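Asker: To be precise about what I am sending: the file is called upload-v8.pdb and holds PDB, C-alpha atoms.
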```pdb
ATOM      1  CA  MET A  27      53.853-130.050-145.568  1.00  0.00           C
ATOM      2  CA  ILE A  28      56.382-127.471-144.379  1.00  0.00           C
ATOM      3  CA  GLY A  29      58.897-130.177-143.382  1.00  0.00           C
ATOM      4  CA  GLU A  30      59.700-131.175-146.977  1.00  0.00           C
ATOM      5  CA  PRO A  31      63.021-129.747-148.291  1.00  0.00           C
ATOM      6  CA  GLU A  32      61.540-127.734-151.161  1.00  0.00           C
ATOM      7  CA  ASN A  33      58.916-126.230-148.840  1.00  0.00           C
ATOM      8  CA  ILE A  34      61.552-125.370-146.252  1.00  0.00           C
ATOM      9  CA  MET A  35      63.560-123.531-148.922  1.00  0.00           C
ATOM     10  CA  LEU A  36      60.477-121.655-150.121  1.00  0.00           C
ATOM     11  CA  PHE A  37      59.474-120.773-146.577  1.00  0.00           C
ATOM     12  CA  HIS A  38      62.991-119.539-145.800  1.00  0.00           C
ATOM     13  CA  ALA A  39      62.962-117.393-148.956  1.00  0.00           C
ATOM     14  CA  LEU A  40      59.603-115.922-147.910  1.00  0.00           C
ATOM     15  CA  TYR A  41      61.045-115.242-144.450  1.00  0.00           C
ATOM     16  CA  ILE A  42      63.954-113.309-145.979  1.00  0.00           C
ATOM     17  CA  VAL A  43      61.498-111.315-148.138  1.00  0.00           C
ATOM     18  CA  ALA A  44      59.435-110.627-145.014  1.00  0.00           C
ATOM     19  CA  ILE A  45      62.310-109.350-142.880  1.00  0.00           C
ATOM     20  CA  VAL A  46      63.596-107.219-145.763  1.00  0.00           C
ATOM     21  CA  ALA A  47      60.138-105.678-146.285  1.00  0.00           C
ATOM     22  CA  GLU A  48      59.723-104.989-142.563  1.00  0.00           C
ATOM     23  CA  ALA A  49      63.187-103.433-142.339  1.00  0.00           C
ATOM     24  CA  MET A  50      62.341-101.217-145.311  1.00  0.00           C
ATOM     25  CA  THR A  51      59.093 -99.989-143.739  1.00  0.00           C
ATOM     26  CA  ALA A  52      61.039 -99.243-140.569  1.00  0.00           C
ATOM     27  CA  ALA A  53      63.635 -97.276-142.532  1.00  0.00           C
ATOM     28  CA  LEU A  54      60.907 -95.130-144.031  1.00  0.00           C
ATOM     29  CA  ALA A  55      59.528 -94.463-140.545  1.00  0.00           C
ATOM     30  CA  ALA A  56      63.037 -93.635-139.303  1.00  0.00           C
ATOM     31  CA  GLY A  57      63.545 -91.281-142.236  1.00  0.00           C
ATOM     32  CA  ARG A  58      60.335 -89.425-141.381  1.00  0.00           C
ATOM     33  CA  ARG A  59      61.774 -88.931-137.876  1.00  0.00           C
ATOM     34  CA  SER A  60      65.138 -87.709-139.234  1.00  0.00           C
ATOM     35  CA  MET A  61      67.034 -90.545-137.553  1.00  0.00           C
ATOM     36  CA  ASP A  62      70.689 -91.016-138.406  1.00  0.00           C
ATOM     37  CA  TRP A  63      71.964 -94.155-140.113  1.00  0.00           C
ATOM     38  CA  VAL A  64      72.468 -95.944-136.782  1.00  0.00           C
ATOM     39  CA  GLY A  65      68.837 -95.285-135.860  1.00  0.00           C
ATOM     40  CA  VAL A  66      67.722 -96.453-139.295  1.00  0.00           C
ATOM     41  CA  CYS A  67      69.641 -99.735-138.944  1.00  0.00           C
ATOM     42  CA  LEU A  68      68.512-100.318-135.364  1.00  0.00           C
ATOM     43  CA  LEU A  69      64.879 -99.608-136.152  1.00  0.00           C
ATOM     44  CA  GLY A  70      65.067-101.897-139.192  1.00  0.00           C
ATOM     45  CA  CYS A  71      66.468-104.767-137.138  1.00  0.00           C
ATOM     46  CA  VAL A  72      64.031-104.283-134.235  1.00  0.00           C
ATOM     47  CA  THR A  73      61.032-104.117-136.559  1.00  0.00           C
ATOM     48  CA  ALA A  74      61.999-107.131-138.662  1.00  0.00           C
ATOM     49  CA  LEU A  75      63.227-109.366-135.842  1.00  0.00           C
ATOM     50  CA  GLY A  76      61.472-107.983-132.758  1.00  0.00           C
ATOM     51  CA  GLY A  77      58.294-110.053-132.924  1.00  0.00           C
ATOM     52  CA  GLY A  78      60.160-113.346-133.092  1.00  0.00           C
ATOM     53  CA  SER A  79      62.611-112.249-130.405  1.00  0.00           C
ATOM     54  CA  THR A  80      59.781-111.249-128.080  1.00  0.00           C
ATOM     55  CA  ARG A  81      58.036-114.568-128.686  1.00  0.00           C
ATOM     56  CA  ASP A  82      61.202-116.551-128.048  1.00  0.00           C
ATOM     57  CA  VAL A  83      61.955-114.720-124.801  1.00  0.00           C
ATOM     58  CA  LEU A  84      58.375-115.194-123.566  1.00  0.00           C
ATOM     59  CA  LEU A  85      58.396-118.909-124.453  1.00  0.00           C
ATOM     60  CA  GLY A  86      61.970-119.566-123.321  1.00  0.00           C
ATOM     61  CA  HIS A  87      62.901-120.660-126.850  1.00  0.00           C
ATOM     62  CA  TYR A  88      66.623-120.132-127.372  1.00  0.00           C
ATOM     63  CA  PRO A  89      68.816-119.171-129.108  1.00  0.00           C
ATOM     64  CA  LEU A  90      67.084-116.179-130.657  1.00  0.00           C
ATOM     65  CA  SER A  91      66.991-116.383-134.463  1.00  0.00           C
ATOM     66  CA  TRP A  92      69.360-113.455-134.978  1.00  0.00           C
ATOM     67  CA  VAL A  93      71.822-114.887-132.449  1.00  0.00           C
ATOM     68  CA  GLU A  94      71.811-118.247-134.223  1.00  0.00           C
ATOM     69  CA  HIS A  95      71.883-116.550-137.653  1.00  0.00           C
ATOM     70  CA  PRO A  96      73.692-113.177-137.304  1.00  0.00           C
ATOM     71  CA  ASN A  97      73.379-112.674-141.068  1.00  0.00           C
ATOM     72  CA  TYR A  98      69.727-111.715-140.413  1.00  0.00           C
ATOM     73  CA  LEU A  99      71.048-108.557-138.725  1.00  0.00           C
ATOM     74  CA  ALA A 100      73.144-107.733-141.793  1.00  0.00           C
ATOM     75  CA  VAL A 101      70.213-108.391-144.141  1.00  0.00           C
ATOM     76  CA  THR A 102      67.814-106.184-142.185  1.00  0.00           C
ATOM     77  CA  ALA A 103      70.322-103.382-141.583  1.00  0.00           C
ATOM     78  CA  GLY A 104      71.376-103.492-145.250  1.00  0.00           C
ATOM     79  CA  ALA A 105      67.760-103.366-146.430  1.00  0.00           C
ATOM     80  CA  ALA A 106      67.120-100.376-144.178  1.00  0.00           C
ATOM     81  CA  LEU A 107      70.154 -98.507-145.518  1.00  0.00           C
ATOM     82  CA  VAL A 108      69.273 -99.256-149.151  1.00  0.00           C
ATOM     83  CA  THR A 109      65.772 -97.962-148.483  1.00  0.00           C
ATOM     84  CA  ILE A 110      67.114 -94.630-147.278  1.00  0.00           C
ATOM     85  CA  ALA A 111      69.225 -94.397-150.435  1.00  0.00           C
ATOM     86  CA  ILE A 112      66.165 -94.938-152.681  1.00  0.00           C
ATOM     87  CA  ALA A 113      63.552 -93.281-150.439  1.00  0.00           C
ATOM     88  CA  ARG A 114      62.465 -90.821-153.140  1.00  0.00           C
ATOM     89  CA  VAL A 115      61.061 -93.586-155.344  1.00  0.00           C
ATOM     90  CA  MET A 116      59.589 -95.686-152.542  1.00  0.00           C
ATOM     91  CA  HIS A 117      56.151 -94.044-152.773  1.00  0.00           C
ATOM     92  CA  HIS A 118      55.763 -95.630-156.233  1.00  0.00           C
ATOM     93  CA  LEU A 119      56.108 -99.060-154.622  1.00  0.00           C
ATOM     94  CA  ARG A 120      53.397 -98.649-151.966  1.00  0.00           C
ATOM     95  CA  SER A 121      51.059-101.346-153.319  1.00  0.00           C
ATOM     96  CA  ILE A 122      53.928-103.831-153.588  1.00  0.00           C
ATOM     97  CA  PHE A 123      54.838-103.142-149.967  1.00  0.00           C
ATOM     98  CA  LEU A 124      51.280-103.750-148.814  1.00  0.00           C
ATOM     99  CA  ILE A 125      51.394-107.169-150.480  1.00  0.00           C
ATOM    100  CA  LEU A 126      54.843-107.944-149.044  1.00  0.00           C
ATOM    101  CA  ASP A 127      53.676-106.775-145.615  1.00  0.00           C
ATOM    102  CA  ALA A 128      50.707-109.152-145.747  1.00  0.00           C
ATOM    103  CA  ILE A 129      52.941-112.037-146.879  1.00  0.00           C
ATOM    104  CA  GLY A 130      55.365-111.203-144.093  1.00  0.00           C
ATOM    105  CA  LEU A 131      52.598-111.179-141.520  1.00  0.00           C
ATOM    106  CA  VAL A 132      51.437-114.637-142.589  1.00  0.00           C
ATOM    107  CA  VAL A 133      54.999-116.014-142.657  1.00  0.00           C
ATOM    108  CA  PHE A 134      55.794-114.571-139.219  1.00  0.00           C
ATOM    109  CA  THR A 135      52.514-115.887-137.822  1.00  0.00           C
ATOM    110  CA  VAL A 136      53.085-119.405-139.150  1.00  0.00           C
ATOM    111  CA  ILE A 137      56.618-119.392-137.735  1.00  0.00           C
ATOM    112  CA  GLY A 138      55.286-118.273-134.363  1.00  0.00           C
ATOM    113  CA  CYS A 139      52.655-121.000-134.378  1.00  0.00           C
ATOM    114  CA  ASN A 140      55.235-123.609-135.397  1.00  0.00           C
ATOM    115  CA  VAL A 141      57.524-122.643-132.515  1.00  0.00           C
ATOM    116  CA  ALA A 142      54.690-123.040-129.994  1.00  0.00           C
ATOM    117  CA  LEU A 143      53.542-126.293-131.610  1.00  0.00           C
ATOM    118  CA  ASP A 144      57.085-127.675-131.450  1.00  0.00           C
ATOM    119  CA  LEU A 145      57.069-126.858-127.730  1.00  0.00           C
ATOM    120  CA  HIS A 146      53.740-128.755-127.376  1.00  0.00           C
ATOM    121  CA  LEU A 147      51.953-125.724-125.947  1.00  0.00           C
ATOM    122  CA  PRO A 148      48.151-125.325-125.650  1.00  0.00           C
ATOM    123  CA  PHE A 149      45.998-123.933-128.467  1.00  0.00           C
ATOM    124  CA  ILE A 150      45.650-120.428-126.983  1.00  0.00           C
ATOM    125  CA  VAL A 151      49.432-120.156-126.567  1.00  0.00           C
ATOM    126  CA  VAL A 152      49.946-121.301-130.171  1.00  0.00           C
ATOM    127  CA  ILE A 153      47.588-118.566-131.421  1.00  0.00           C
ATOM    128  CA  MET A 154      49.143-115.901-129.184  1.00  0.00           C
ATOM    129  CA  SER A 155      52.635-116.993-130.242  1.00  0.00           C
ATOM    130  CA  GLY A 156      51.663-116.475-133.881  1.00  0.00           C
ATOM    131  CA  MET A 157      50.077-113.102-133.172  1.00  0.00           C
ATOM    132  CA  ILE A 158      53.056-111.890-131.125  1.00  0.00           C
ATOM    133  CA  THR A 159      55.468-112.956-133.852  1.00  0.00           C
ATOM    134  CA  GLY A 160      53.398-111.281-136.552  1.00  0.00           C
ATOM    135  CA  CYS A 161      52.523-108.039-134.802  1.00  0.00           C
ATOM    136  CA  VAL A 162      55.047-107.035-132.143  1.00  0.00           C
ATOM    137  CA  GLY A 163      57.790-105.878-134.547  1.00  0.00           C
ATOM    138  CA  GLY A 164      55.485-103.210-135.972  1.00  0.00           C
ATOM    139  CA  VAL A 165      54.364-102.198-132.501  1.00  0.00           C
ATOM    140  CA  LEU A 166      58.004-101.814-131.403  1.00  0.00           C
ATOM    141  CA  ARG A 167      58.711 -99.717-134.513  1.00  0.00           C
ATOM    142  CA  ASP A 168      55.852 -97.357-133.745  1.00  0.00           C
ATOM    143  CA  VAL A 169      56.742 -97.065-130.051  1.00  0.00           C
ATOM    144  CA  LEU A 170      60.385 -96.295-130.887  1.00  0.00           C
ATOM    145  CA  CYS A 171      59.141 -93.656-133.338  1.00  0.00           C
ATOM    146  CA  ASN A 172      56.939 -92.197-130.574  1.00  0.00           C
ATOM    147  CA  ASP A 173      53.708 -93.051-132.418  1.00  0.00           C
ATOM    148  CA  ILE A 174      50.566 -94.812-131.297  1.00  0.00           C
ATOM    149  CA  PRO A 175      51.087 -98.286-132.763  1.00  0.00           C
ATOM    150  CA  LEU A 176      49.321 -98.686-136.090  1.00  0.00           C
ATOM    151  CA  LEU A 177      47.961-102.023-134.914  1.00  0.00           C
ATOM    152  CA  PHE A 178      46.025-100.221-132.178  1.00  0.00           C
ATOM    153  CA  ARG A 179      44.619 -97.630-134.570  1.00  0.00           C
ATOM    154  CA  SER A 180      43.317 -98.631-137.977  1.00  0.00           C
ATOM    155  CA  GLU A 181      45.153-101.659-139.321  1.00  0.00           C
ATOM    156  CA  LEU A 182      42.838-104.235-137.791  1.00  0.00           C
ATOM    157  CA  TYR A 183      43.535-106.535-140.729  1.00  0.00           C
ATOM    158  CA  ALA A 184      46.918-107.283-139.172  1.00  0.00           C
ATOM    159  CA  SER A 185      45.637-108.811-135.948  1.00  0.00           C
ATOM    160  CA  SER A 186      42.736-110.504-137.732  1.00  0.00           C
ATOM    161  CA  LEU A 187      44.980-111.962-140.443  1.00  0.00           C
ATOM    162  CA  SER A 188      47.494-113.094-137.842  1.00  0.00           C
ATOM    163  CA  ASP A 189      44.767-114.757-135.771  1.00  0.00           C
ATOM    164  CA  LEU A 190      43.286-116.460-138.859  1.00  0.00           C
ATOM    165  CA  ALA A 191      46.670-117.741-140.058  1.00  0.00           C
ATOM    166  CA  GLY A 192      47.389-119.111-136.612  1.00  0.00           C
ATOM    167  CA  ARG A 193      44.038-120.867-136.363  1.00  0.00           C
ATOM    168  CA  LEU A 194      44.436-122.390-139.826  1.00  0.00           C
ATOM    169  CA  ARG A 195      47.968-123.582-139.055  1.00  0.00           C
ATOM    170  CA  PHE A 196      46.904-125.066-135.723  1.00  0.00           C
ATOM    171  CA  GLY A 197      43.741-126.575-137.218  1.00  0.00           C
ATOM    172  CA  ARG A 198      45.664-128.253-140.022  1.00  0.00           C
ATOM    173  CA  ASP A 199      48.019-129.925-137.563  1.00  0.00           C
ATOM    174  CA  ARG A 200      45.434-130.865-134.944  1.00  0.00           C
ATOM    175  CA  GLY A 201      42.420-131.487-137.137  1.00  0.00           C
ATOM    176  CA  GLY A 202      44.027-133.676-139.739  1.00  0.00           C
ATOM    177  CA  LEU A 203      43.428-131.215-142.587  1.00  0.00           C
ATOM    178  CA  ALA A 204      45.373-131.865-145.753  1.00  0.00           C
ATOM    179  CA  SER A 205      48.612-129.966-146.259  1.00  0.00           C
TER     180      SER A 205
END
```
Using structure tokens, write down the structure that the file contains.
Answerer:
Amino acid sequence: MIGEPENIMLFHALYIVAIVAEAMTAALAAGRRSMDWVGVCLLGCVTALGGGSTRDVLLGHYPLSWVEHPNYLAVTAGAALVTIAIARVMHHLRSIFLILDAIGLVVFTVIGCNVALDLHLPFIVVIMSGMITGCVGGVLRDVLCNDIPLLFRSELYASSLSDLAGRLRFGRDRGGLAS
């Protein structure tokens, strides 16, 4: 069960890993566009925190996570800046980033589903909340980089994985499945 203290700590640690990984992928995209350090930091923050912010605005769930916890902005901006400093070795870490990206997608999706469940919203809203949380940050990154969003091109695993994670999370809570 996520509500137990040790699970909450683990989930929070996974969330930090997820926002760091997303900020790092954004920094690489910003670097390919020759953005300055302000653009790198902004893109890192928008990518890592944008899905949850969009979800919260759409659902009227306040305060936004980065307003309640401003250290998330420092973590994401710092991760983006560190990435630019070590960009030359980042290509060696591609497979690790794919794994971290997938973990991040699941963590973001579960958080999105939990927010909608806590608001006692219908099943379809719970699933959409998870998908928005998991996918919108990457879409915002691509739009700000003037690209067709990756989600709308070839990375269909992202929307499918997000949908599956949301359905499993919702099904466990509503269907009495074991934790």
Asker: Which of these residues is nearest to Val66 (chain A), using only C-alpha atoms: A:Asp144, A:Ala53, A:Ser79, A:Leu36?
Answerer: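 Nearest candidate to Val66 (chain A) out of A:Asp144, A:Ala53, A:Ser79, A:Leu36: A:Ala53.
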Asker: Counting only C-alpha atoms, figure out which residue out of A:Phe178, A:Thr109, A:Leu99, A:His146 gets nearest to Ala55 (chain A).
Answerer: A:Thr109
Asker: Grab all the atoms of region 47-59 of chain A that the file lists, wrap them in a box along x, y and z, add 6 Å per side, and give me centre plus edge lengths in Å (one decimal) as lines of an AutoDock Vina configuration file.
Answerer:
```
center_x = 61.4
center_y = -97.3
center_z = -142.1
size_x = 16.5
size_y = 28.7
size_z = 20.4
```
Asker: Using only C-alpha atoms, pick whichever of A:Val169, A:Ile174, A:Ile150, A:Cys71 has the shortest atom-to-atom distance to Ala105 (chain A).
Answerer: A:Cys71
Asker: Smallest atom-to-atom distance to Ala56 (chain A): which of A:Val83, A:Leu107, A:Cys139, A:Val93, using all atoms listed in the file?
Answerer: A:Leu107
Asker: Give as a PyMOL selection string the residues that the PyMOL selection byres ((chain A and resi 168) around 12) matches when applied to the coordinates above.
Answerer: chain A and resi 51-56+58-59+69-70+72-73+161-167+169-179
Asker: At what distance in Å, to one decimal, does CA of Ala74 (chain A) lie from CA of Ile45 (chain A)?
Answerer: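 Those two atoms sit 4.8 Å apart.
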Asker: Ranking A:Gly104, A:Gly160, A:Pro148, A:Gly76 by minimum distance to Ile129 (chain A) and counting only C-alpha atoms, which one comes first?
Answerer: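 Result for the nearest residue to Ile129 (chain A): A:Gly160.
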